[in-house]
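Pasting final30.txt here (compact mmCIF, C-alpha atoms and all ligand atoms):
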```txt
# COMPACT_ATOMS: atom_id res chain seq x y z
CA MET A 19 80.76 80.08 100.20
CA ALA A 20 79.94 79.76 103.89
CA ILE A 21 81.69 77.66 106.52
CA TYR A 22 81.01 76.87 110.15
CA CYS A 23 83.16 79.19 112.17
CA GLY A 24 83.41 76.52 114.85
CA ILE A 25 86.12 74.92 112.74
CA ALA A 26 88.29 78.03 112.87
CA TYR A 27 87.38 79.41 116.28
CA ARG A 28 87.04 76.52 118.66
CA ARG A 29 88.19 78.68 121.57
CA LYS A 30 85.73 81.50 121.03
CA SER A 31 82.37 80.07 122.03
CA PHE A 32 80.44 83.24 121.17
CA TRP A 33 81.36 82.92 117.52
CA CYS A 34 81.09 79.16 117.34
CA TYR A 35 78.46 77.10 115.60
CA ARG A 36 76.96 79.95 113.66
CA LEU A 37 76.95 79.97 109.92
CA LEU A 38 79.31 82.70 108.80
CA SER A 39 80.51 83.69 105.38
CA THR A 40 84.08 83.14 104.21
CA TYR A 41 84.60 86.90 104.33
CA VAL A 42 83.41 87.18 107.95
CA THR A 43 85.54 84.28 109.20
CA LYS A 44 88.54 85.75 107.39
CA MET A 45 88.04 89.17 109.00
CA ARG A 46 87.60 87.59 112.43
CA TYR A 47 90.73 85.50 111.95
CA LEU A 48 92.72 88.64 111.08
CA PHE A 49 91.21 90.40 114.11
CA GLU A 50 92.37 87.51 116.31
CA LEU A 51 95.90 87.69 114.89
CA LYS A 52 96.08 91.43 115.61
CA GLU A 53 94.84 91.00 119.18
CA ASP A 54 96.57 87.78 120.20
CA ASP A 55 100.40 87.66 119.95
CA ASP A 56 100.53 83.88 120.48
CA ALA A 57 98.03 83.22 117.68
CA CYS A 58 100.02 85.51 115.39
CA LYS A 59 103.32 83.80 116.28
CA LYS A 60 101.68 80.51 115.30
CA ALA A 61 100.43 82.02 112.04
CA LEU A 62 103.99 83.17 111.25
CA GLN A 63 105.11 79.52 111.12
CA THR A 64 102.77 78.69 108.24
CA GLY A 65 102.49 82.15 106.73
CA ALA A 66 103.81 83.64 103.50
CA PHE A 67 106.11 86.67 103.29
CA TYR A 68 106.23 89.56 100.83
CA LEU A 69 109.66 91.15 100.72
CA PHE A 70 110.63 94.82 100.48
CA HIS A 71 113.98 96.60 100.42
CA ASN A 72 113.88 100.18 101.69
CA LEU A 73 110.13 100.22 100.98
CA SER A 74 110.48 98.91 97.40
CA PRO A 75 108.66 95.58 96.84
CA MET A 76 110.27 92.50 95.29
CA LEU A 77 108.83 91.77 91.85
CA GLN A 78 109.67 88.96 89.45
CA LYS A 79 109.37 89.26 85.70
CA SER A 80 107.17 86.52 84.29
CA GLU A 81 106.47 87.37 80.65
CA PRO A 82 104.34 89.19 79.74
CA GLN A 83 103.77 90.69 83.21
CA TYR A 84 105.33 90.98 86.69
CA LEU A 85 104.48 88.82 89.69
CA VAL A 86 104.75 89.57 93.40
CA PRO A 87 106.42 86.49 94.92
CA LYS A 88 105.59 85.15 98.39
CA TYR A 89 108.07 83.14 100.46
CA SER A 90 107.49 80.57 103.21
CA LEU A 91 109.14 80.93 106.62
CA LEU A 92 111.54 78.13 105.70
CA GLU A 93 112.54 79.81 102.43
CA LEU A 94 113.03 83.09 104.24
CA GLU A 95 115.16 81.52 106.99
CA ARG A 96 117.28 79.74 104.36
CA LEU A 97 117.73 82.97 102.42
CA LEU A 98 118.76 84.99 105.47
CA GLY A 99 121.07 82.19 106.58
CA LYS A 100 122.70 82.05 103.15
CA LEU A 101 123.45 85.76 103.38
CA GLY A 102 124.85 85.43 106.89
CA GLN A 103 121.91 87.25 108.45
CA ASN A 104 120.20 86.75 111.78
CA THR A 105 116.71 85.23 111.39
CA GLN A 106 115.58 87.43 114.29
CA ARG A 107 114.95 90.02 111.57
CA ILE A 108 111.75 88.06 110.75
CA GLU A 109 110.22 89.49 113.95
CA ASP A 110 109.97 92.85 112.13
CA SER A 111 107.33 91.36 109.80
CA VAL A 112 103.88 92.94 109.74
CA LEU A 113 100.57 91.22 109.05
CA ILE A 114 98.91 92.45 105.84
CA GLY A 115 96.15 89.91 105.16
CA CYS A 116 95.34 86.25 104.72
CA SER A 117 93.99 83.80 102.15
CA GLU A 118 90.48 82.34 102.30
CA GLN A 119 92.10 79.24 103.81
CA HIS A 120 93.52 81.44 106.60
CA ASP A 121 97.16 81.34 105.54
CA ALA A 122 98.47 84.58 106.96
CA TRP A 123 100.41 87.03 104.77
CA PHE A 124 103.20 89.17 106.17
CA ALA A 125 105.46 91.87 104.77
CA LEU A 126 109.11 92.26 105.75
CA ASP A 127 111.58 94.96 104.77
CA ILE A 128 115.08 93.52 104.59
CA GLY A 129 116.61 96.89 103.80
CA LEU A 130 115.40 98.77 106.89
CA ASN A 131 116.81 98.19 110.37
CA HIS A 132 114.13 98.02 113.04
CA SER A 133 115.37 96.06 116.04
CA SER A 134 118.70 96.98 117.55
CA SER A 135 119.84 93.35 117.68
CA ILE A 136 119.92 92.75 113.93
CA ASN A 137 122.76 93.23 111.52
CA ALA A 138 123.16 96.09 109.10
CA SER A 139 120.94 96.47 106.05
CA LEU A 140 121.33 93.72 103.46
CA GLN A 141 122.82 94.68 100.12
CA LYS A 142 120.17 95.06 97.47
CA PRO A 143 122.00 93.50 94.45
CA GLU A 144 122.95 90.46 96.52
CA MET A 145 119.34 89.96 97.54
CA GLU A 146 118.01 90.49 94.03
CA THR A 147 120.32 87.84 92.63
CA GLU A 148 119.29 85.37 95.32
CA LEU A 149 115.60 86.08 94.83
CA ARG A 150 115.78 86.21 91.00
CA GLY A 151 113.81 89.45 90.89
CA SER A 152 114.17 93.17 91.53
CA PHE A 153 113.05 95.60 94.21
CA MET A 154 111.00 98.12 92.26
CA ASP A 155 109.92 101.63 93.18
CA LEU A 156 106.29 101.31 94.35
CA ARG A 157 104.83 103.77 91.80
CA LYS A 158 106.54 101.89 88.96
CA ALA A 159 105.40 98.57 90.43
CA PHE A 160 101.78 99.79 90.49
CA LEU A 161 101.90 100.29 86.72
CA GLN A 162 102.74 96.60 86.29
CA LEU A 163 100.29 94.96 88.69
CA ASN A 164 96.60 94.11 89.05
CA ALA A 165 94.31 95.98 91.48
CA LYS A 166 94.53 93.27 94.19
CA ASP A 167 98.34 93.32 94.28
CA VAL A 168 98.36 97.14 94.17
CA SER A 169 96.11 97.26 97.22
CA LEU A 170 98.13 94.64 99.13
CA LEU A 171 101.50 96.29 98.42
CA SER A 172 100.06 99.69 99.23
CA THR A 173 98.99 98.45 102.68
CA ALA A 174 102.28 96.67 103.21
CA GLN A 175 104.45 99.65 102.33
CA ALA A 176 102.34 102.04 104.42
CA LEU A 177 102.60 99.77 107.46
CA LEU A 178 106.35 99.18 107.04
CA ARG A 179 106.92 102.92 106.65
CA TRP A 180 104.83 103.70 109.72
CA HIS A 181 106.82 101.25 111.89
CA ASP A 182 110.08 102.63 110.57
CA ALA A 183 109.02 106.17 111.52
CA HIS A 184 107.53 105.35 114.95
CA GLN A 185 110.39 103.66 116.75
CA PHE A 186 110.21 105.96 119.78
CA CYS A 187 107.51 107.18 122.17
CA SER A 188 106.88 110.89 121.63
CA ARG A 189 106.21 111.35 125.36
CA SER A 190 108.92 109.27 127.10
CA GLY A 191 111.49 109.15 124.29
CA GLN A 192 111.88 105.41 124.97
CA PRO A 193 111.92 102.81 122.15
CA THR A 194 108.41 101.50 121.38
CA LYS A 195 107.74 97.80 120.79
CA LYS A 196 105.50 96.46 118.06
CA ASN A 197 102.97 93.70 118.74
CA VAL A 198 103.57 90.53 116.70
CA ALA A 199 101.09 91.48 113.95
CA GLY A 200 102.39 95.04 113.73
CA SER A 201 98.93 96.55 114.18
CA LYS A 202 100.24 98.78 117.00
CA ARG A 203 103.33 99.85 118.95
CA ILE A 204 103.51 100.17 122.73
CA CYS A 205 105.79 102.24 124.93
CA PRO A 206 106.96 99.89 127.74
CA ALA A 207 107.70 102.92 129.98
CA ASN A 208 104.15 104.33 130.08
CA ASN A 209 101.97 101.85 128.14
CA ILE A 210 100.94 104.42 125.55
CA ILE A 211 99.68 102.58 122.48
CA TYR A 212 100.40 103.99 119.02
CA TYR A 213 98.26 102.88 116.07
CA PRO A 214 99.15 103.32 112.38
CA GLN A 215 97.55 106.47 111.02
CA MET A 216 96.31 107.83 107.70
CA ALA A 217 95.69 111.47 106.86
CA PRO A 218 92.26 112.16 105.31
CA VAL A 219 92.49 113.91 101.93
CA VAL A 220 89.61 115.01 99.70
CA ILE A 221 89.95 114.83 95.95
CA THR A 222 87.30 116.71 94.02
CA LEU A 223 86.39 116.79 90.37
CA VAL A 224 84.73 120.15 89.85
CA SER A 225 82.40 120.53 86.88
CA ASP A 226 80.28 123.35 85.45
CA GLY A 227 78.15 120.87 83.49
CA PRO A 228 79.77 120.52 80.05
CA ARG A 229 83.35 120.99 81.33
CA CYS A 230 85.47 119.77 84.23
CA LEU A 231 88.26 121.54 86.05
CA LEU A 232 91.70 119.94 86.15
CA ALA A 233 94.91 121.25 87.67
CA ARG A 234 98.61 120.43 87.78
CA GLN A 235 101.46 120.90 90.22
CA SER A 236 105.01 121.52 89.00
CA SER A 237 106.01 118.10 90.41
CA PHE A 238 103.59 116.26 88.06
CA PRO A 239 104.99 114.58 84.93
CA LYS A 240 104.81 116.69 81.77
CA GLY A 241 101.28 117.33 80.52
CA VAL A 242 99.53 115.58 83.46
CA TYR A 243 96.46 117.27 84.96
CA SER A 244 94.41 115.86 87.83
CA ALA A 245 91.44 116.64 90.08
CA LEU A 246 91.92 119.07 93.00
CA ALA A 247 93.22 117.43 96.17
CA GLY A 248 93.82 118.67 99.68
CA PHE A 249 94.44 117.47 103.25
CA CYS A 250 91.60 117.87 105.74
CA ASP A 251 92.38 120.45 108.38
CA ILE A 252 91.77 119.42 111.96
CA GLY A 253 88.13 119.97 112.96
CA GLU A 254 86.80 120.03 109.38
CA SER A 255 84.06 117.90 107.84
CA LEU A 256 84.69 116.50 104.34
CA GLU A 257 82.21 119.00 102.91
CA GLU A 258 84.09 121.87 104.54
CA THR A 259 87.43 120.58 103.18
CA VAL A 260 86.02 120.36 99.65
CA ARG A 261 84.68 123.94 99.81
CA ARG A 262 87.91 125.32 101.33
CA GLU A 263 90.31 123.47 99.03
CA VAL A 264 88.44 124.50 95.86
CA ALA A 265 88.29 128.11 97.12
CA GLU A 266 91.99 128.08 98.14
CA GLU A 267 93.37 126.48 95.00
CA VAL A 268 91.22 127.91 92.17
CA GLY A 269 89.15 130.69 93.79
CA LEU A 270 85.75 129.09 93.10
CA GLU A 271 82.79 128.19 95.29
CA VAL A 272 81.25 124.75 94.90
CA GLU A 273 77.51 124.39 95.08
CA ARG A 274 76.65 120.71 95.07
CA LEU A 275 78.77 117.67 95.81
CA GLN A 276 78.51 113.92 95.69
CA TYR A 277 80.70 111.29 97.30
CA SER A 278 82.13 108.82 94.79
CA ALA A 279 84.62 106.40 96.38
CA SER A 280 87.75 106.22 98.53
CA GLN A 281 91.25 104.81 98.25
CA HIS A 282 94.23 104.26 100.49
CA TRP A 283 97.17 106.20 99.02
CA PRO A 284 100.66 105.38 100.30
CA PHE A 285 102.52 108.34 98.71
CA PRO A 286 104.41 110.09 100.28
CA ASN A 287 102.79 109.03 103.59
CA SER A 288 99.55 107.19 104.18
CA SER A 289 96.44 109.11 103.13
CA LEU A 290 92.82 108.12 102.85
CA MET A 291 91.73 109.69 99.57
CA ILE A 292 88.01 110.55 99.63
CA ALA A 293 86.79 111.27 96.12
CA CYS A 294 83.86 113.59 95.32
CA HIS A 295 82.21 115.25 92.35
CA ALA A 296 81.22 118.90 92.77
CA THR A 297 79.64 121.65 90.69
CA VAL A 298 80.20 125.40 90.76
CA LYS A 299 77.54 128.11 90.91
CA PRO A 300 76.14 128.92 87.46
CA GLY A 301 78.06 131.72 85.76
CA GLN A 302 80.82 131.65 88.39
CA THR A 303 83.51 129.78 86.53
CA LYS A 304 86.42 132.22 86.34
CA ILE A 305 89.50 130.52 87.75
CA HIS A 306 91.97 132.37 90.03
CA VAL A 307 94.86 129.93 90.37
CA ASN A 308 96.74 129.93 93.67
CA LEU A 309 100.28 129.73 92.29
CA GLN A 310 101.68 128.76 95.69
CA GLU A 311 99.75 125.48 95.40
CA LEU A 312 99.34 124.85 91.68
CA GLU A 313 101.26 125.45 88.47
CA ALA A 314 98.09 125.70 86.35
CA ALA A 315 94.36 124.94 86.30
CA ALA A 316 91.89 125.00 83.43
CA TRP A 317 88.43 123.93 82.26
CA PHE A 318 88.47 121.00 79.82
CA SER A 319 85.59 119.96 77.56
CA HIS A 320 83.98 116.54 77.75
CA GLU A 321 85.51 115.68 74.37
CA GLU A 322 89.06 116.71 75.42
CA VAL A 323 88.87 114.62 78.59
CA ALA A 324 87.30 111.61 76.86
CA THR A 325 90.07 111.69 74.22
CA ALA A 326 92.78 111.95 76.88
CA LEU A 327 91.25 109.01 78.75
CA ARG A 328 91.30 106.84 75.60
CA ARG A 329 94.89 107.87 74.87
CA ASN A 330 96.20 107.46 78.42
CA ASP A 331 97.09 103.78 78.19
CA SER A 332 99.10 104.02 74.99
CA TYR A 333 100.84 107.29 75.84
CA THR A 334 103.91 105.90 77.61
CA LEU A 335 104.86 104.17 74.35
CA GLN A 336 105.33 107.51 72.54
CA GLN A 337 107.51 109.39 74.99
CA ASN A 338 108.88 111.89 72.46
CA ILE A 339 105.47 113.50 71.94
CA THR A 340 103.70 115.31 74.79
CA PRO A 341 99.93 115.27 74.18
CA PRO A 342 97.89 118.36 75.17
CA LEU A 343 96.35 116.59 78.15
CA ARG A 344 97.48 113.54 80.11
CA LEU A 345 95.55 112.05 83.02
CA PRO A 346 96.65 110.20 86.18
CA PRO A 347 97.30 106.44 85.87
CA LYS A 348 94.49 103.91 86.27
CA PHE A 349 95.49 102.89 89.81
CA ALA A 350 94.91 106.47 91.10
CA ILE A 351 91.43 107.36 92.29
CA ALA A 352 91.70 110.62 90.32
CA HIS A 353 91.58 108.50 87.16
CA GLN A 354 88.40 106.75 88.34
CA LEU A 355 86.79 110.08 89.22
CA ILE A 356 87.54 111.52 85.79
CA LYS A 357 86.34 108.35 84.06
CA GLU A 358 83.10 108.48 86.06
CA TRP A 359 82.46 112.06 84.93
CA VAL A 360 83.19 111.20 81.28
CA GLU A 361 80.72 108.30 81.47
CA ASN A 362 78.06 110.27 83.35
CA PRO A 363 78.53 114.05 83.37
CA ALA A 364 75.20 114.63 85.22
CA CYS A 365 75.25 117.11 88.11
CA PRO A 366 75.95 115.90 91.66
CA SER A 367 72.84 115.84 93.81
CA LEU A 368 73.83 116.92 97.33
CA PRO A 369 74.20 120.55 98.46
CA ALA A 370 77.80 121.38 99.48
N1 LIG B 1 95.37 108.94 94.42
C1 LIG B 1 95.13 110.00 93.68
O1 LIG B 1 94.44 109.91 92.67
C2 LIG B 1 95.70 111.35 94.07
C3 LIG B 1 95.51 112.46 93.23
C4 LIG B 1 95.98 113.70 93.64
C5 LIG B 1 96.64 113.85 94.86
N2 LIG B 1 96.85 112.74 95.62
C6 LIG B 1 97.53 112.87 96.92
O2 LIG B 1 96.79 113.76 97.73
C7 LIG B 1 97.66 114.33 98.69
C8 LIG B 1 97.24 115.78 98.95
O3 LIG B 1 97.25 116.55 97.76
P1 LIG B 1 97.93 118.00 97.74
O4 LIG B 1 99.40 117.85 97.79
O5 LIG B 1 97.33 118.73 96.61
O6 LIG B 1 97.41 118.58 99.16
P2 LIG B 1 97.21 120.12 99.63
O7 LIG B 1 96.53 120.88 98.56
O8 LIG B 1 96.58 120.07 100.99
O9 LIG B 1 98.67 120.72 99.71
C9 LIG B 1 99.75 120.07 100.33
C10 LIG B 1 100.28 120.94 101.46
O10 LIG B 1 99.38 120.86 102.55
C11 LIG B 1 100.09 120.93 103.79
N3 LIG B 1 99.58 119.84 104.63
C12 LIG B 1 98.53 119.96 105.49
N4 LIG B 1 98.29 118.81 106.13
C13 LIG B 1 99.20 117.92 105.69
C14 LIG B 1 99.45 116.53 106.00
N5 LIG B 1 98.73 115.85 106.87
N6 LIG B 1 100.46 115.92 105.32
C15 LIG B 1 101.20 116.58 104.42
N7 LIG B 1 101.00 117.90 104.11
C16 LIG B 1 100.01 118.56 104.74
C17 LIG B 1 101.57 120.91 103.43
O11 LIG B 1 102.03 122.23 103.51
C18 LIG B 1 101.62 120.46 102.00
O12 LIG B 1 102.66 121.02 101.29
C19 LIG B 1 99.07 114.18 98.14
O13 LIG B 1 99.77 113.33 99.03
C20 LIG B 1 98.91 113.48 96.80
O14 LIG B 1 99.88 112.46 96.62
C21 LIG B 1 96.39 111.50 95.26
MG MG B 2 96.15 120.45 96.53
```

Would you mind writing the structure in this file as C-alpha cells?
Amino acid sequence: MAIYCGIAYRRKSFWCYRLLSTYVTKMRYLFELKEDDDACKKALQTGAFYLFHNLSPMLQKSEPQYLVPKYSLLELERLLGKLGQNTQRIEDSVLIGCSEQHDAWFALDIGLNHSSSINASLQKPEMETELRGSFMDLRKAFLQLNAKDVSLLSTAQALLRWHDAHQFCSRSGQPTKKNVAGSKRICPANNIIYYPQMAPVVITLVSDGPRCLLARQSSFPKGVYSALAGFCDIGESLEETVRREVAEEVGLEVERLQYSASQHWPFPNSSLMIACHATVKPGQTKIHVNLQELEAAAWFSHEEVATALRRNDSYTLQQNITPPLRLPPKFAIAHQLIKEWVENPACPSLPA
C-alpha cells in the first residue's frame, strides 16, 4: 500500500507530495520522533507502552499461547497512580517502533530506577496482580512468542539495558540525559552524545562437505551444540574474524565462506550476530579444541544434524532423556544457519 506522505509530513516540504510506500513513511516518521523531542512528546500521548520489570517483559497467558500486552498512556497513568507511583517515571520510556497507522510504541521498565526524582522500584508481585500477567525472563519469553514479538522485545530490552548502564558521562562523570525517544543520551556538561551500541559477533557453521562442525560451552544446556561464535576484535573485517575465531577455537583454517543472514542478539549485552557458512581445506579436518573457550567440538553427519533438527521442537517435553545432539532454539540465528546447511549442504562460494 502507498500513501501520500503529505498527509503525515505537512511540515517537511521536501518529503511532501511524493508517493511513498507505507514502509518508507513509517521509517521517516520514526526518524522524526528520534530527532524531534516535541514530536516524540506528542506521540507519547497517543502511543502504546510495553512494560518490563528489571528487563523481564510482561506477558499474559491467553490459551494456548502468550501475548505481549500494550497499554495506553491513560492506562499506564492509572496503574502508576493506583500503586502510589509518580507518573514522571513515564519519561524513562524508550521508542521501539510504530504501527502502520503511526501509533508509536514505547517500552518502559518499572523495575529499574532511571531518574533521580522517581520513587523506589515497584514490587513485582503487586504489578503482576494489577496487570494480570507475569514478567518473564526474556529467553523463556522468546520460546513462547512469534518472530515479530521476539524482535520487538529484543530491541526493547537492549535499549532499556543500554540506558540503565549509561547514566553517566565517561569523560565528565556527570549524569547524562536521554532524548525523549531514547535514541541517544547527552552529557549537559560537555555535549558529548552517546548512542546505543551493539558488538559485532560472527557465527560460523564450518563444514567439510558431508559433515558440519558444532561445539558447546560448559554454560550451554545439556546436550546442546551450536555453530562457532566470536566477537570481532577492533580493526578486523568479518572475514578476518571468521578465520581467527575458527583457528582459535578448533584449530582449523577455513577456505571459503558465504554470508547467510544477521540477527540482533540481546544476551547478555547487545550483539549483532553475523552468520556465515564456511568450509575447511580438504583433508584438514582434525579438530584441536581450545578448552579455555569450549567444552567440546565435533564433526556431525548430515543425518545426525537433520535428525536433531526434527527432534528439537519436541525435546523439551521429554526432559528425563538427553538425546545425543540438541540444537539451539528456533529464535537463535544458529538454528537458522544449521537448518540452511541441512537443506542445502553445497559448498560456500566466496574465498575466505
Ligand atoms: N544467536 C545465536 O544463535 C548465538 C549463538 C551462539 C552465540 N551467540 C552469542 O554470541 C556471543 C559471542 O559468542 P562467544 O561467547 O562464543 O564469543 P567469543 O568466542 O569471542 O568468547 C567470549 C569471550 O570474548 C571476550 N570478548 C571480546 N570482546 C567482547 C565483547 N565485546 N563482549 C563480551 N566479551 C568479549 C570475553 O573474554 C569473552 O569471555 C555470545 O554473547 C553469545 O550469546 C549467539
Ligand atoms: Mg566463541

For the point (100.8, 88.2, 122.0) in file coordinates, what residues are within 12 Å, counting only C-alpha atoms? Give the answer as a PDB file with C-alpha atoms, in the frame of the given file?
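What follows is the written file part11.pdb:
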```pdb
ATOM      1  CA  GLU A  50      92.370  87.510 116.310  1.00  0.00           C
ATOM      2  CA  LEU A  51      95.900  87.690 114.890  1.00  0.00           C
ATOM      3  CA  LYS A  52      96.080  91.430 115.610  1.00  0.00           C
ATOM      4  CA  GLU A  53      94.840  91.000 119.180  1.00  0.00           C
ATOM      5  CA  ASP A  54      96.570  87.780 120.200  1.00  0.00           C
ATOM      6  CA  ASP A  55     100.400  87.660 119.950  1.00  0.00           C
ATOM      7  CA  ASP A  56     100.530  83.880 120.480  1.00  0.00           C
ATOM      8  CA  ALA A  57      98.030  83.220 117.680  1.00  0.00           C
ATOM      9  CA  CYS A  58     100.020  85.510 115.390  1.00  0.00           C
ATOM     10  CA  LYS A  59     103.320  83.800 116.280  1.00  0.00           C
ATOM     11  CA  LYS A  60     101.680  80.510 115.300  1.00  0.00           C
ATOM     12  CA  ALA A  61     100.430  82.020 112.040  1.00  0.00           C
ATOM     13  CA  LYS A 195     107.740  97.800 120.790  1.00  0.00           C
ATOM     14  CA  LYS A 196     105.500  96.460 118.060  1.00  0.00           C
ATOM     15  CA  ASN A 197     102.970  93.700 118.740  1.00  0.00           C
ATOM     16  CA  VAL A 198     103.570  90.530 116.700  1.00  0.00           C
ATOM     17  CA  ALA A 199     101.090  91.480 113.950  1.00  0.00           C
ATOM     18  CA  GLY A 200     102.390  95.040 113.730  1.00  0.00           C
ATOM     19  CA  SER A 201      98.930  96.550 114.180  1.00  0.00           C
ATOM     20  CA  LYS A 202     100.240  98.780 117.000  1.00  0.00           C
TER      21      LYS A 202
END
```

Please write out the residues within 6 Å of ligand MG 2 (chain B) as a list of chain:residue names, counting only C-alpha atoms and all ligand atoms.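 Counting only C-alpha atoms and all ligand atoms, the residues within 6 Å of ligand MG 2 (chain B) come out as A:Leu246, A:Ala247, A:Gly248.
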
Would you mind reading off the distance between CA of Ser152 (chain A) and CA of Gln83 (chain A), one decimal, in Å?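 Pair CA of Ser152 (chain A) / CA of Gln83 (chain A) returns 13.5 Å.
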
Using all atoms listed in the file, which residues sit within 12 Å of Ala364 (chain A) once same-chain residues fewer than 3 positions away are excluded, as a ChimeraX atom specification? /A:224-230,274-276,295-297,320,358-361,367

Using only C-alpha atoms and all ligand atoms, determine which residues fall within 9 Å of ligand LIG 1 (chain B), then list them as a ChimeraX atom specification. /A:216-221,235,244-252,263,266-267,281-291,293,311-312,346-355

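Going from CA of Ala165 (chain A) over to CA of Leu48 (chain A), you cover 21.0 Å.
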
Selection: 10 Å around His184 (chain A), all atoms listed in the file, excl. self and same-chain fewer than 3 positions, as number ranges by chain: A: 179-181, 187-188, 193-196, 203, 212-214

Would you work out the distance separating CA of Leu177 (chain A) from CA of Leu223 (chain A), expressed in Å to one decimal? 29.1 Å

For Leu97 (chain A), list every protein, DNA or RNA residue within 12 Å, evaluated using all atoms listed in the file, and leave out those in the same chain fewer than 2 positions away; present the list as a list in words. Leu69, Tyr89, Ser90, Leu91, Leu92, Glu93, Leu94, Glu95, Gly99, Lys100, Leu101, Gly102, Gln103, Asn104, Thr105, Arg107, Ile108, Ile128, Leu140, Glu144, Met145, Glu146, Thr147, Glu148 and Leu149 of chain A

Could those selected residues go to a file with C-alpha atoms, as a compact mmCIF listing (two decimals), in the frame of the given file?
```txt
# COMPACT_ATOMS: atom_id res chain seq x y z
CA LEU A 69 109.66 91.15 100.72
CA TYR A 89 108.07 83.14 100.46
CA SER A 90 107.49 80.57 103.21
CA LEU A 91 109.14 80.93 106.62
CA LEU A 92 111.54 78.13 105.70
CA GLU A 93 112.54 79.81 102.43
CA LEU A 94 113.03 83.09 104.24
CA GLU A 95 115.16 81.52 106.99
CA GLY A 99 121.07 82.19 106.58
CA LYS A 100 122.70 82.05 103.15
CA LEU A 101 123.45 85.76 103.38
CA GLY A 102 124.85 85.43 106.89
CA GLN A 103 121.91 87.25 108.45
CA ASN A 104 120.20 86.75 111.78
CA THR A 105 116.71 85.23 111.39
CA ARG A 107 114.95 90.02 111.57
CA ILE A 108 111.75 88.06 110.75
CA ILE A 128 115.08 93.52 104.59
CA LEU A 140 121.33 93.72 103.46
CA GLU A 144 122.95 90.46 96.52
CA MET A 145 119.34 89.96 97.54
CA GLU A 146 118.01 90.49 94.03
CA THR A 147 120.32 87.84 92.63
CA GLU A 148 119.29 85.37 95.32
CA LEU A 149 115.60 86.08 94.83
```

For a quick check of understanding, using all atoms listed in the file, which of A:Lys79, A:Lys142, A:Arg46, A:His71 has the smallest distance to Gly115 (chain A)?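 Among the listed residues, A:Arg46 lies closest to Gly115 (chain A).
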
Kindly indicate which residue among A:Ser111, A:Ser117, A:Gln106, A:Asn164 lies nearest to Lys44 (chain A), using all atoms listed in the file for the distances.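 Of all the options, A:Ser117 lies closest to Lys44 (chain A).
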
Find the residues with any atom within 12 Å of (99.6, 95.3, 94.1); use all atoms listed in the file and the coordinates as given in the file, and write the answer as a PyMOL selection string. chain A and resi 68+74-77+84-87+154+156-175+284+349
